[in-house]
Each structure stands twice: as C-alpha cells, then as structure tokens.
>>> print(open('model_20.pdb').read())   # PDB, C-alpha atoms and all ligand atoms
ATOM      1  CA  MET A  14      47.933 119.063 132.878
ATOM      2  CA  SER A  15      48.590 115.799 134.692
ATOM      3  CA  ASN A  16      51.061 113.051 133.880
ATOM      4  CA  GLY A  17      50.908 110.813 136.949
ATOM      5  CA  ILE A  18      54.378 111.920 138.073
ATOM      6  CA  LEU A  19      53.454 111.427 141.752
ATOM      7  CA  LYS A  20      51.850 108.016 141.278
ATOM      8  CA  GLY A  21      52.591 105.836 144.328
ATOM      9  CA  LYS A  22      53.891 108.788 146.363
ATOM     10  CA  LYS A  23      52.549 109.719 149.776
ATOM     11  CA  GLY A  24      52.813 113.019 151.559
ATOM     12  CA  ILE A  25      51.759 115.622 154.092
ATOM     13  CA  ILE A  26      50.549 119.074 153.053
ATOM     14  CA  PHE A  27      50.578 121.911 155.620
ATOM     15  CA  GLY A  28      48.763 125.217 155.130
ATOM     16  CA  ALA A  29      45.589 124.867 153.017
ATOM     17  CA  LEU A  30      43.313 127.485 154.577
ATOM     18  CA  ASP A  31      40.961 128.255 151.700
ATOM     19  CA  GLU A  32      40.889 127.800 147.943
ATOM     20  CA  ASN A  33      43.280 130.732 147.421
ATOM     21  CA  SER A  34      46.019 129.102 149.529
ATOM     22  CA  ILE A  35      49.086 127.926 147.652
ATOM     23  CA  ALA A  36      48.847 124.651 149.633
ATOM     24  CA  TRP A  37      45.278 124.154 148.393
ATOM     25  CA  LYS A  38      46.425 124.307 144.767
ATOM     26  CA  VAL A  39      49.266 121.909 145.576
ATOM     27  CA  ALA A  40      46.787 119.420 147.099
ATOM     28  CA  VAL A  41      44.522 119.551 144.040
ATOM     29  CA  GLN A  42      47.460 119.097 141.671
ATOM     30  CA  ALA A  43      49.140 116.384 143.790
ATOM     31  CA  ALA A  44      45.901 114.356 143.735
ATOM     32  CA  ALA A  45      45.647 114.821 139.959
ATOM     33  CA  GLU A  46      49.234 113.529 139.644
ATOM     34  CA  GLY A  47      48.362 110.369 141.579
ATOM     35  CA  ALA A  48      49.616 111.151 145.114
ATOM     36  CA  GLU A  49      47.941 110.160 148.377
ATOM     37  CA  PHE A  50      48.340 112.543 151.295
ATOM     38  CA  VAL A  51      47.244 113.959 154.612
ATOM     39  CA  LEU A  52      46.178 117.593 154.950
ATOM     40  CA  THR A  53      47.056 119.490 158.100
ATOM     41  CA  ASN A  54      46.618 122.926 159.604
ATOM     42  CA  ALA A  55      46.487 124.618 163.011
ATOM     43  CA  PRO A  56      43.361 123.586 164.982
ATOM     44  CA  ILE A  57      42.113 127.193 164.918
ATOM     45  CA  ALA A  58      42.348 127.340 161.115
ATOM     46  CA  LEU A  59      40.408 124.087 160.797
ATOM     47  CA  ARG A  60      37.406 125.699 162.448
ATOM     48  CA  MET A  61      36.680 127.496 159.188
ATOM     49  CA  GLY A  62      35.844 124.061 157.790
ATOM     50  CA  ALA A  63      36.812 124.714 154.166
ATOM     51  CA  ILE A  64      39.574 122.100 154.356
ATOM     52  CA  ASN A  65      36.985 119.293 154.655
ATOM     53  CA  THR A  66      35.781 120.082 151.142
ATOM     54  CA  LEU A  67      39.361 119.771 149.896
ATOM     55  CA  ALA A  68      39.817 116.492 151.796
ATOM     56  CA  GLU A  69      36.705 115.047 150.133
ATOM     57  CA  GLN A  70      37.757 116.286 146.720
ATOM     58  CA  THR A  71      41.251 114.762 147.043
ATOM     59  CA  ASN A  72      40.408 111.604 149.029
ATOM     60  CA  SER A  73      42.657 112.700 151.857
ATOM     61  CA  LYS A  74      42.442 112.868 155.625
ATOM     62  CA  VAL A  75      42.707 115.982 157.803
ATOM     63  CA  ILE A  76      44.909 115.740 160.909
ATOM     64  CA  PRO A  77      45.176 118.918 163.013
ATOM     65  CA  ALA A  78      48.623 120.112 164.129
ATOM     66  CA  ASP A  79      49.957 123.401 165.398
ATOM     67  CA  ALA A  80      53.319 123.623 163.624
ATOM     68  CA  THR A  81      54.879 125.233 166.711
ATOM     69  CA  SER A  82      54.069 122.167 168.872
ATOM     70  CA  ASP A  83      56.544 119.268 168.757
ATOM     71  CA  GLU A  84      53.950 117.029 170.387
ATOM     72  CA  ASP A  85      51.356 117.821 167.678
ATOM     73  CA  LEU A  86      53.938 117.231 164.948
ATOM     74  CA  GLU A  87      54.983 113.821 166.265
ATOM     75  CA  LYS A  88      51.338 112.823 166.550
ATOM     76  CA  LEU A  89      50.768 114.050 162.990
ATOM     77  CA  PHE A  90      53.658 112.035 161.509
ATOM     78  CA  THR A  91      52.588 108.927 163.451
ATOM     79  CA  GLU A  92      48.927 109.139 162.422
ATOM     80  CA  ALA A  93      49.739 110.104 158.842
ATOM     81  CA  GLN A  94      51.888 106.982 158.453
ATOM     82  CA  GLU A  95      49.061 104.860 159.859
ATOM     83  CA  PHE A  96      46.572 106.374 157.419
ATOM     84  CA  LEU A  97      48.888 106.164 154.418
ATOM     85  CA  GLY A  98      50.204 102.716 155.297
ATOM     86  CA  GLY A  99      53.876 103.664 155.505
ATOM     87  CA  LYS A 100      56.449 106.427 155.317
ATOM     88  CA  VAL A 101      55.855 109.593 153.315
ATOM     89  CA  ASP A 102      57.741 110.792 150.230
ATOM     90  CA  PHE A 103      56.989 114.507 150.355
ATOM     91  CA  VAL A 104      56.130 117.268 152.819
ATOM     92  CA  LEU A 105      54.943 120.786 151.969
ATOM     93  CA  HIS A 106      55.478 123.504 154.600
ATOM     94  CA  SER A 107      53.237 126.361 153.464
ATOM     95  CA  ILE A 108      52.950 128.305 156.713
ATOM     96  CA  GLY A 109      53.426 131.967 157.515
ATOM     97  CA  MET A 110      52.091 134.462 160.038
ATOM     98  CA  SER A 111      53.376 137.583 161.774
ATOM     99  CA  PRO A 112      51.434 139.036 164.720
ATOM    100  CA  ASN A 113      53.449 142.257 164.238
ATOM    101  CA  VAL A 114      52.176 142.570 160.658
ATOM    102  CA  ARG A 115      48.663 141.679 161.764
ATOM    103  CA  LYS A 116      48.688 144.328 164.511
ATOM    104  CA  LYS A 117      50.282 146.845 162.122
ATOM    105  CA  LYS A 118      53.390 147.390 164.278
ATOM    106  CA  HIS A 119      56.022 149.491 162.512
ATOM    107  CA  TYR A 120      59.251 147.569 161.844
ATOM    108  CA  THR A 121      61.242 149.942 164.050
ATOM    109  CA  GLU A 122      58.836 149.409 166.961
ATOM    110  CA  LEU A 123      58.248 145.669 166.987
ATOM    111  CA  ASN A 124      56.664 143.842 169.887
ATOM    112  CA  TYR A 125      59.271 141.217 170.824
ATOM    113  CA  ASP A 126      56.793 138.608 172.050
ATOM    114  CA  PHE A 127      55.142 138.872 168.654
ATOM    115  CA  TYR A 128      58.576 138.740 167.007
ATOM    116  CA  HIS A 129      59.261 135.391 168.710
ATOM    117  CA  LYS A 130      55.913 134.128 167.429
ATOM    118  CA  THR A 131      56.642 135.267 163.872
ATOM    119  CA  LEU A 132      59.927 133.382 163.847
ATOM    120  CA  ASP A 133      58.476 130.307 165.552
ATOM    121  CA  ILE A 134      55.401 130.013 163.313
ATOM    122  CA  SER A 135      56.970 131.044 160.007
ATOM    123  CA  ALA A 136      60.492 129.587 160.251
ATOM    124  CA  MET A 137      61.377 127.477 163.291
ATOM    125  CA  SER A 138      58.316 125.364 162.541
ATOM    126  CA  PHE A 139      60.173 124.230 159.384
ATOM    127  CA  HIS A 140      62.961 122.906 161.613
ATOM    128  CA  ARG A 141      60.408 121.327 163.964
ATOM    129  CA  VAL A 142      58.669 119.550 161.056
ATOM    130  CA  LEU A 143      61.979 118.226 159.729
ATOM    131  CA  ALA A 144      63.148 117.200 163.207
ATOM    132  CA  ALA A 145      59.894 115.332 163.977
ATOM    133  CA  ALA A 146      60.081 113.531 160.627
ATOM    134  CA  LYS A 147      63.719 112.580 161.200
ATOM    135  CA  LYS A 148      63.156 111.419 164.778
ATOM    136  CA  LEU A 149      60.348 109.103 163.644
ATOM    137  CA  ASP A 150      62.180 108.161 160.447
ATOM    138  CA  ALA A 151      58.947 109.079 158.665
ATOM    139  CA  ILE A 152      60.298 110.080 155.217
ATOM    140  CA  ASN A 153      61.451 107.581 152.572
ATOM    141  CA  GLU A 154      64.945 107.854 151.037
ATOM    142  CA  TRP A 155      64.945 110.375 148.142
ATOM    143  CA  GLY A 156      61.938 112.077 149.719
ATOM    144  CA  SER A 157      61.428 115.812 149.249
ATOM    145  CA  VAL A 158      60.540 118.621 151.665
ATOM    146  CA  VAL A 159      59.583 122.081 150.365
ATOM    147  CA  GLY A 160      58.985 125.364 152.214
ATOM    148  CA  LEU A 161      57.676 128.633 150.760
ATOM    149  CA  SER A 162      59.711 131.817 150.873
ATOM    150  CA  TYR A 163      59.740 135.375 149.555
ATOM    151  CA  ILE A 164      62.495 137.609 148.122
ATOM    152  CA  ALA A 165      62.286 139.867 151.209
ATOM    153  CA  ALA A 166      64.756 137.307 152.638
ATOM    154  CA  GLN A 167      67.419 138.983 150.446
ATOM    155  CA  ARG A 168      66.089 142.507 149.782
ATOM    156  CA  THR A 169      64.152 145.014 151.837
ATOM    157  CA  PHE A 170      60.474 145.707 151.255
ATOM    158  CA  PRO A 171      59.277 148.335 153.763
ATOM    159  CA  ASP A 172      56.069 146.660 154.937
ATOM    160  CA  TYR A 173      57.171 143.013 154.972
ATOM    161  CA  SER A 174      58.465 143.711 158.482
ATOM    162  CA  ASP A 175      59.710 140.812 160.637
ATOM    163  CA  MET A 176      58.529 138.291 158.027
ATOM    164  CA  ALA A 177      61.749 139.216 156.177
ATOM    165  CA  GLU A 178      63.831 137.753 159.012
ATOM    166  CA  ALA A 179      61.524 134.739 159.187
ATOM    167  CA  LYS A 180      62.093 134.026 155.488
ATOM    168  CA  SER A 181      65.897 134.416 155.837
ATOM    169  CA  LEU A 182      65.809 131.913 158.684
ATOM    170  CA  LEU A 183      63.535 129.565 156.719
ATOM    171  CA  GLU A 184      65.929 129.535 153.759
ATOM    172  CA  SER A 185      68.893 128.949 156.052
ATOM    173  CA  ILE A 186      67.142 126.000 157.715
ATOM    174  CA  ALA A 187      66.606 124.452 154.258
ATOM    175  CA  ARG A 188      70.364 124.591 153.690
ATOM    176  CA  SER A 189      71.408 123.391 157.139
ATOM    177  CA  PHE A 190      68.838 120.607 157.562
ATOM    178  CA  GLY A 191      69.208 119.717 153.903
ATOM    179  CA  TYR A 192      72.879 118.986 154.541
ATOM    180  CA  HIS A 193      72.178 116.606 157.425
ATOM    181  CA  TYR A 194      69.102 114.936 155.930
ATOM    182  CA  GLY A 195      70.891 114.562 152.602
ATOM    183  CA  THR A 196      73.984 112.956 154.094
ATOM    184  CA  GLU A 197      72.038 110.554 156.265
ATOM    185  CA  LYS A 198      68.973 109.687 154.193
ATOM    186  CA  ASN A 199      69.271 111.207 150.695
ATOM    187  CA  ILE A 200      66.318 113.425 151.541
ATOM    188  CA  ARG A 201      66.189 116.802 149.811
ATOM    189  CA  VAL A 202      65.111 120.090 151.387
ATOM    190  CA  ASN A 203      64.406 123.261 149.378
ATOM    191  CA  THR A 204      62.512 126.537 149.530
ATOM    192  CA  ILE A 205      60.642 128.167 146.671
ATOM    193  CA  SER A 206      60.633 131.960 146.581
ATOM    194  CA  GLN A 207      57.240 132.816 145.134
ATOM    195  CA  SER A 208      55.890 136.038 143.531
ATOM    196  CA  PRO A 209      53.340 138.058 145.539
ATOM    197  CA  THR A 210      50.117 136.032 145.449
ATOM    198  CA  MET A 211      46.530 136.987 146.365
ATOM    199  CA  THR A 212      46.008 134.788 149.449
ATOM    200  CA  THR A 213      45.002 135.476 153.067
ATOM    201  CA  ALA A 214      48.678 135.678 154.127
ATOM    202  CA  GLY A 215      49.580 137.871 151.126
ATOM    203  CA  LYS A 216      46.717 140.325 151.493
ATOM    204  CA  GLY A 217      47.585 140.754 155.192
ATOM    205  CA  ILE A 218      50.664 142.799 154.192
ATOM    206  CA  LYS A 219      50.074 146.583 154.213
ATOM    207  CA  GLY A 220      49.982 148.060 150.708
ATOM    208  CA  PHE A 221      49.828 144.595 149.155
ATOM    209  CA  ASN A 222      48.120 145.769 145.948
ATOM    210  CA  GLY A 223      50.955 148.209 145.179
ATOM    211  CA  PHE A 224      53.450 145.488 145.977
ATOM    212  CA  TYR A 225      51.641 143.012 143.731
ATOM    213  CA  ASN A 226      51.284 145.368 140.754
ATOM    214  CA  TYR A 227      54.875 146.621 140.996
ATOM    215  CA  ALA A 228      56.239 143.049 140.985
ATOM    216  CA  ASP A 229      53.960 142.172 138.083
ATOM    217  CA  GLN A 230      55.283 145.052 135.965
ATOM    218  CA  MET A 231      58.900 144.398 136.931
ATOM    219  CA  SER A 232      58.784 140.708 135.997
ATOM    220  CA  PRO A 233      59.368 139.847 132.311
ATOM    221  CA  LEU A 234      56.841 137.006 132.618
ATOM    222  CA  GLY A 235      54.566 138.806 135.102
ATOM    223  CA  ASN A 236      53.826 137.500 138.594
ATOM    224  CA  ALA A 237      53.824 133.715 138.839
ATOM    225  CA  PRO A 238      50.290 132.472 139.613
ATOM    226  CA  ALA A 239      49.619 130.143 142.566
ATOM    227  CA  GLU A 240      48.629 127.260 140.228
ATOM    228  CA  ASP A 241      52.027 127.436 138.540
ATOM    229  CA  CYS A 242      53.740 127.565 141.922
ATOM    230  CA  ALA A 243      51.877 124.337 142.699
ATOM    231  CA  ASN A 244      53.152 122.767 139.468
ATOM    232  CA  TYR A 245      56.727 123.734 140.338
ATOM    233  CA  ILE A 246      56.306 122.208 143.811
ATOM    234  CA  ILE A 247      54.943 118.993 142.259
ATOM    235  CA  SER A 248      58.088 118.780 140.107
ATOM    236  CA  LEU A 249      60.212 119.047 143.263
ATOM    237  CA  PHE A 250      58.224 116.208 144.858
ATOM    238  CA  SER A 251      58.742 114.049 141.773
ATOM    239  CA  ASP A 252      61.715 111.863 140.832
ATOM    240  CA  TYR A 253      62.664 114.340 138.065
ATOM    241  CA  THR A 254      64.468 116.569 140.589
ATOM    242  CA  LYS A 255      66.264 113.980 142.749
ATOM    243  CA  TYR A 256      69.531 115.872 143.036
ATOM    244  CA  VAL A 257      68.115 119.323 143.768
ATOM    245  CA  THR A 258      68.614 120.130 147.440
ATOM    246  CA  MET A 259      69.560 122.954 149.861
ATOM    247  CA  GLN A 260      68.371 125.534 147.294
ATOM    248  CA  ASN A 261      66.209 128.619 147.399
ATOM    249  CA  LEU A 262      64.516 128.510 143.991
ATOM    250  CA  PHE A 263      62.945 131.650 142.564
ATOM    251  CA  HIS A 264      59.503 131.168 141.056
ATOM    252  CA  ASP A 265      58.853 134.804 140.252
ATOM    253  CA  GLY A 266      58.575 135.415 136.488
ATOM    254  CA  GLY A 267      62.150 136.775 136.447
ATOM    255  CA  PHE A 268      61.644 139.505 139.095
ATOM    256  CA  SER A 269      64.735 138.578 141.129
ATOM    257  CA  ASN A 270      67.139 139.128 138.200
ATOM    258  CA  THR A 271      65.525 142.263 136.749
ATOM    259  CA  GLY A 272      67.123 145.647 137.492
ATOM    260  CA  VAL A 273      64.258 147.610 135.983
ATOM    261  CA  SER A 274      61.689 146.903 133.280
ATOM    262  CA  GLN A 275      60.766 149.252 130.428
ATOM    263  CA  VAL A 276      57.179 149.536 131.732
ATOM    264  CA  VAL A 277      58.400 150.714 135.127
ATOM    265  CA  MET A 278      61.030 153.034 133.588
ATOM    266  CA  ASP A 279      58.378 154.663 131.362
ATOM    267  CA  LYS A 280      56.555 155.784 134.496
ATOM    268  CA  PHE A 281      59.580 157.961 135.410
ATOM    269  CA  GLU A 282      60.247 159.403 131.923
ATOM    270  CA  GLU A 283      58.571 162.798 132.432
TER     271      GLU A 283
HETATM  272  N1  LIG B 301      50.910 135.141 149.293
HETATM  273  C1  LIG B 301      52.100 135.605 148.961
HETATM  274  O1  LIG B 301      52.236 136.718 148.416
HETATM  275  C2  LIG B 301      53.327 134.778 149.221
HETATM  276  C3  LIG B 301      54.516 135.039 148.519
HETATM  277  C4  LIG B 301      55.652 134.268 148.798
HETATM  278  C5  LIG B 301      55.593 133.296 149.774
HETATM  279  N2  LIG B 301      54.405 133.061 150.446
HETATM  280  C6  LIG B 301      54.389 132.035 151.497
HETATM  281  O2  LIG B 301      53.562 130.971 151.112
HETATM  282  C7  LIG B 301      53.154 130.258 152.287
HETATM  283  C8  LIG B 301      51.658 129.994 152.234
HETATM  284  O3  LIG B 301      50.922 131.181 152.344
HETATM  285  P1  LIG B 301      49.675 131.542 151.415
HETATM  286  O4  LIG B 301      50.066 132.744 150.624
HETATM  287  O5  LIG B 301      49.176 130.347 150.706
HETATM  288  O6  LIG B 301      48.609 132.066 152.491
HETATM  289  P2  LIG B 301      47.554 131.300 153.441
HETATM  290  O7  LIG B 301      47.127 132.339 154.423
HETATM  291  O8  LIG B 301      46.503 130.662 152.618
HETATM  292  O9  LIG B 301      48.421 130.174 154.178
HETATM  293  C9  LIG B 301      49.134 130.372 155.376
HETATM  294  C10 LIG B 301      48.851 129.144 156.242
HETATM  295  O10 LIG B 301      49.635 129.122 157.444
HETATM  296  C11 LIG B 301      48.815 128.436 158.395
HETATM  297  N3  LIG B 301      49.316 128.615 159.768
HETATM  298  C12 LIG B 301      49.444 129.770 160.473
HETATM  299  N4  LIG B 301      49.872 129.495 161.715
HETATM  300  C13 LIG B 301      50.026 128.130 161.794
HETATM  301  C14 LIG B 301      50.453 127.247 162.825
HETATM  302  N5  LIG B 301      50.807 127.693 164.044
HETATM  303  N6  LIG B 301      50.483 125.912 162.565
HETATM  304  C15 LIG B 301      50.121 125.433 161.352
HETATM  305  N7  LIG B 301      49.728 126.225 160.328
HETATM  306  C16 LIG B 301      49.677 127.561 160.558
HETATM  307  C17 LIG B 301      47.463 129.127 158.189
HETATM  308  O11 LIG B 301      46.411 128.471 158.858
HETATM  309  C18 LIG B 301      47.363 129.080 156.690
HETATM  310  O12 LIG B 301      46.777 127.885 156.241
HETATM  311  C19 LIG B 301      53.614 131.114 153.472
HETATM  312  O13 LIG B 301      54.853 130.630 153.940
HETATM  313  C20 LIG B 301      53.803 132.464 152.821
HETATM  314  O14 LIG B 301      54.680 133.306 153.561
HETATM  315  C21 LIG B 301      53.278 133.763 150.172
END
>>> encode(input="model_20.pdb", output="structure tokens", more="lines below")
Ligand SMILES: NC(=O)c1ccc[n+]([C@@H]2O[C@H](COP(=O)([O-])OP(=O)(O)OC[C@H]3O[C@@H](n4cnc5c(N)ncnc54)[C@H](O)[C@@H]3O)[C@@H](O)[C@H]2O)c1
Amino acid sequence: MSNGILKGKKGIIFGALDENSIAWKVAVQAAAEGAEFVLTNAPIALRMGAINTLAEQTNSKVIPADATSDEDLEKLFTEAQEFLGGKVDFVLHSIGMSPNVRKKKHYTELNYDFYHKTLDISAMSFHRVLAAAKKLDAINEWGSVVGLSYIAAQRTFPDYSDMAEAKSLLESIARSFGYHYGTEKNIRVNTISQSPTMTTAGKGIKGFNGFYNYADQMSPLGNAPAEDCANYIISLFSDYTKYVTMQNLFHDGGFSNTGVSQVVMDKFEE
C-alpha cells in the first residue's frame, strides 16, 4: 500500500535498531510514500550495523545522536538539514530504555540513578528533541512530531516498572510542547499508544509473552502489528491530519476501551 502521501516531505527517524523495530517499519513505509529522511540512533546502537542496510534500502543517511545529549541533537538537526537541503517536515521519536527493567529491579526497589536514566532516555529526550528543533527552527510550519507510548501511562502493569512513569511524562510533554509549538509555528506533536509488539524493547519486559497474548485476546481486533503502527504514523506525518495535535492516540485494536472480552471471560467460567 503506497499512495505517495509523503511526496516532497523530509524527516528524521529515531530508533531503528533492527528490522523488528517500529522505527524500521516507519522508515520503509515513509520511503515507499515518497519521503526523504535521515536515520539516527545512539552511537552504541549503530555498532550493530544493521541500520546501514536500511539506509541503503531507503536512500537515506545515518547520523549518530544520543538522544540524551543536547549537543548531539543540535548537530543532528544541523547536519540533517544540510543533507536534506532544508527544514524537515516530520520527526519520529521511537526511543525507550529502562536500566531498572534491564537489571530486573523490582518496582518497589528501584535504583534511582537508573530511574533518572529511564526518564531521561525514554521521556525527557522527547523534550530535548523538540527543544533542539525549535532552537534551530528546523521544522517547517505544519510539520509533525510523533513519539511512541504504551497504555501503562494510564493503567498499571506489574512488570512495566519505571517505564510507566516515563510514558506518562512522554505523553505530558506531547501536550505541553504541542501547545507552544502549535501556537508559534503550527507544528503538531502527538504520541501513539501502541499494542505490545515483538521488538528488542518489548521483549526486554519480564513476562512479555503473557502480556502480549493477554492483550491480543482482550482486543476485539487483536494486537496491532508494527507495520500497521507504521502506517498510522505515516498518516500523522501527512497533510491528512493537519489539525491533530497534543493527543495520545491509541493504536491497540480496541484494548484500551475493552472491559473484558468473551475469550478472556471463558477462561474463568469453571
Ligand atoms: N515493543 C512494544 O511492545 C512497544 C509498545 C508500545 C510502545 N513501544 C515504544 O516504541 C518505541 C520503539 O521501541 P521498539 O519496540 O521499536 O523497540 P526497539 O528496541 O527496536 O527500539 C528502541 C530504540 O531506542 C533506541 N535508544 C535507546 N537509548 C537511546 C539513546 N540514548 N539515544 C537514542 N536512541 C536510543 C535504541 O537504540 C532502539 O533503537 C519505544 O518508545 C517503546 O517504548 C513499544
């Protein structure tokens, strides 16, 4: 499915680690829809090398940037504009990591240095990206910035740990920055709350398979696949959604509005 709805648009895509990454699928689809863009990730993630294959496949350039470094981000926006020959129209923030989850710290016994890192990498980086773009006036009017969230921002899931707070903060930043960027430049800022998805970040959560299968059976449409998340993101980058801003948009097959499904209820019948 491609209709050229991003023809003439330029962008920056954060977070393609391997072909399972949501950002990877967005890059493939954005190229198919006619966009030109820069790919970026933390220098350490680039060492894996997979991103170069994606860059070749999509005719894009890779510029390293640690999303917690303001200096890296300013350099990224400057170099991206040089490569693309002007301002960008869209930015995807597809970044998440919790050292507490990685080190299997229980939520009630968090390491606070790790906690700072979780919030900085997974949420404050969204503010940093927006602030760097605004400072350099790097996004065209009616441009679109999208971050990726999860429903643990609103409801508790025992093993999502401090990522829940990171997602609440991320969604709040979309509202707050969206207000200022909207008033000054007509730039929209949204988050998409995606179903559990089999990626490196997803599988890092303890008990992820149970999590994944439960959500799948609770959702009338089943879990939303990463490719469809990419399509939704493309629509938010396009001119068909110009007045959508400051929203957290659920892309979850109906999970967020389901009390219980028949399939799940049947399991408790006996
Ligand atoms: N997988 C899921 O179940 C799921 C569900 C809802 C939302 N999300 C969110 O989607 C986004 C993308 O994750 P994914 O599932 O595609 O997994 P992924 O592991 O493929 O992507 C996470 C990315 O974050 C990057 N990253 C980590 N630290 C960074 C830093 N300091 N600077 C720059 N980049 C950094 C990683 O290198 C990686 O590319 C995340 O925000 C995640 O929380 C994922």
>>> resolve_selection(input="model_20.pdb", expression="the PyMOL selection byres (((chain A and resi 30) around 12) and not hetatm)", output="PyMOL selection string")
chain A and resi 26-29+31-38+40+52-68+75+107-109+212-214
>>> closest_residue(input="model_20.pdb", among="A:Asp265, A:Asp279, A:Asp241, A:Asp150", to="ligand LIG 301 (chain B)", atoms="only C-alpha atoms and all ligand atoms")
A:Asp265
>>> atom_distance(input="model_20.pdb", atom1="atom CA of A:Val277", atom2="atom CA of A:Met231")
6.6 Å
>>> closest_residue(input="model_20.pdb", among="A:Phe221, A:Phe127, A:Phe103, A:Tyr173", to="A:Asn153", atoms="only C-alpha atoms")
A:Phe103
>>> residues_around(input="model_20.pdb", residues="stretch 176-183 of chain A", least_positions_apart="2", cutoff="8 Å", atoms="only C-alpha atoms", output="PyMOL selection string")
chain A and resi 110-111+131-132+135-137+139+160+162-163+165-167+169+173-174+185-187+204
>>> atom_distance(input="model_20.pdb", atom1="atom CA of A:Val51", atom2="atom CA of A:Lys20")
15.3 Å
>>> resolve_selection(input="model_20.pdb", expression="the PyMOL selection byres (((chain A and resi 78-88) around 8) and not hetatm)", output="list in words")
Thr53, Asn54, Ala55, Pro56, Ile76, Pro77, Leu89, Phe90, Thr91, Glu92, Asp133, Ile134, Met137, Ser138, Arg141, Val142, Ala145, Ala146 and Leu149 of chain A
>>> write_last_selection(input="model_20.pdb", atoms="C-alpha atoms", output="compact mmCIF listing (two decimals), in the coordinates of the input")
# COMPACT_ATOMS: atom_id res chain seq x y z
CA THR A 53 47.06 119.49 158.10
CA ASN A 54 46.62 122.93 159.60
CA ALA A 55 46.49 124.62 163.01
CA PRO A 56 43.36 123.59 164.98
CA ILE A 76 44.91 115.74 160.91
CA PRO A 77 45.18 118.92 163.01
CA LEU A 89 50.77 114.05 162.99
CA PHE A 90 53.66 112.04 161.51
CA THR A 91 52.59 108.93 163.45
CA GLU A 92 48.93 109.14 162.42
CA ASP A 133 58.48 130.31 165.55
CA ILE A 134 55.40 130.01 163.31
CA MET A 137 61.38 127.48 163.29
CA SER A 138 58.32 125.36 162.54
CA ARG A 141 60.41 121.33 163.96
CA VAL A 142 58.67 119.55 161.06
CA ALA A 145 59.89 115.33 163.98
CA ALA A 146 60.08 113.53 160.63
CA LEU A 149 60.35 109.10 163.64
>>> axis_aligned_box(input="model_20.pdb", around="ligand LIG 301 (chain B)", padding_each_side="8 Å", output="JSON")
{"center_x": 51.0, "center_y": 131.1, "center_z": 156.2, "size_x": 25.2, "size_y": 27.3, "size_z": 31.6}
>>> residues_around(input="model_20.pdb", residues="A:Tyr128", least_positions_apart="5", cutoff="7 Å", atoms="only C-alpha atoms", output="PyMOL selection string")
chain A and resi 113+123+175
>>> atom_distance(input="model_20.pdb", atom1="atom CA of A:His106", atom2="atom CA of A:Gln207")
13.4 Å
>>> residues_around(input="model_20.pdb", residues="stretch 248-252 of chain A", least_positions_apart="5", cutoff="7 Å", atoms="all atoms listed in the file", output="mmCIF file with C-alpha atoms, in the frame of the given file")
data_model
loop_
_atom_site.group_PDB
_atom_site.id
_atom_site.type_symbol
_atom_site.label_atom_id
_atom_site.label_comp_id
_atom_site.auth_asym_id
_atom_site.auth_seq_id
_atom_site.Cartn_x
_atom_site.Cartn_y
_atom_site.Cartn_z
ATOM 1 C CA ILE A 18 54.378 111.920 138.073
ATOM 2 C CA LEU A 19 53.454 111.427 141.752
ATOM 3 C CA PHE A 103 56.989 114.507 150.355
ATOM 4 C CA SER A 157 61.428 115.812 149.249
#
>>> residues_around(input="model_20.pdb", residues="A:Tyr192", least_positions_apart="2", cutoff="9 Å", atoms="all atoms listed in the file", output="PyMOL selection string")
chain A and resi 187-190+194-197+201-202+258-259
>>> residues_around(input="model_20.pdb", residues="A:Tyr227", least_positions_apart="5", cutoff="12 Å", atoms="all atoms listed in the file", output="JSON, numbers by chain")
{"A": [170, 208, 209, 220, 221, 222, 232, 233, 235, 236, 268, 273, 274, 276, 277, 278, 280]}
>>> residues_near_point(input="model_20.pdb", point="(42.0, 115.4, 148.1)", cutoff="8 Å", atoms="all atoms listed in the file", output="PyMOL selection string")
chain A and resi 40-41+44+49-50+67-74
>>> closest_residue(input="model_20.pdb", among="A:Gln275, A:Glu184, A:Asp172, A:Ala45", to="A:Phe263", atoms="all atoms listed in the file")
A:Glu184
>>> closest_residue(input="model_20.pdb", among="A:Lys148, A:Lys23, A:His140, A:Lys130", to="ligand LIG 301 (chain B)", atoms="all atoms listed in the file")
A:Lys130
>>> closest_residue(input="model_20.pdb", among="A:Gln42, A:Ser15, A:Ser206, A:Asn199", to="ligand LIG 301 (chain B)", atoms="all atoms listed in the file")
A:Ser206
>>> closest_residue(input="model_20.pdb", among="A:Ile25, A:Val101, A:Val159, A:Val114", to="A:Ile218", atoms="only C-alpha atoms")
A:Val114
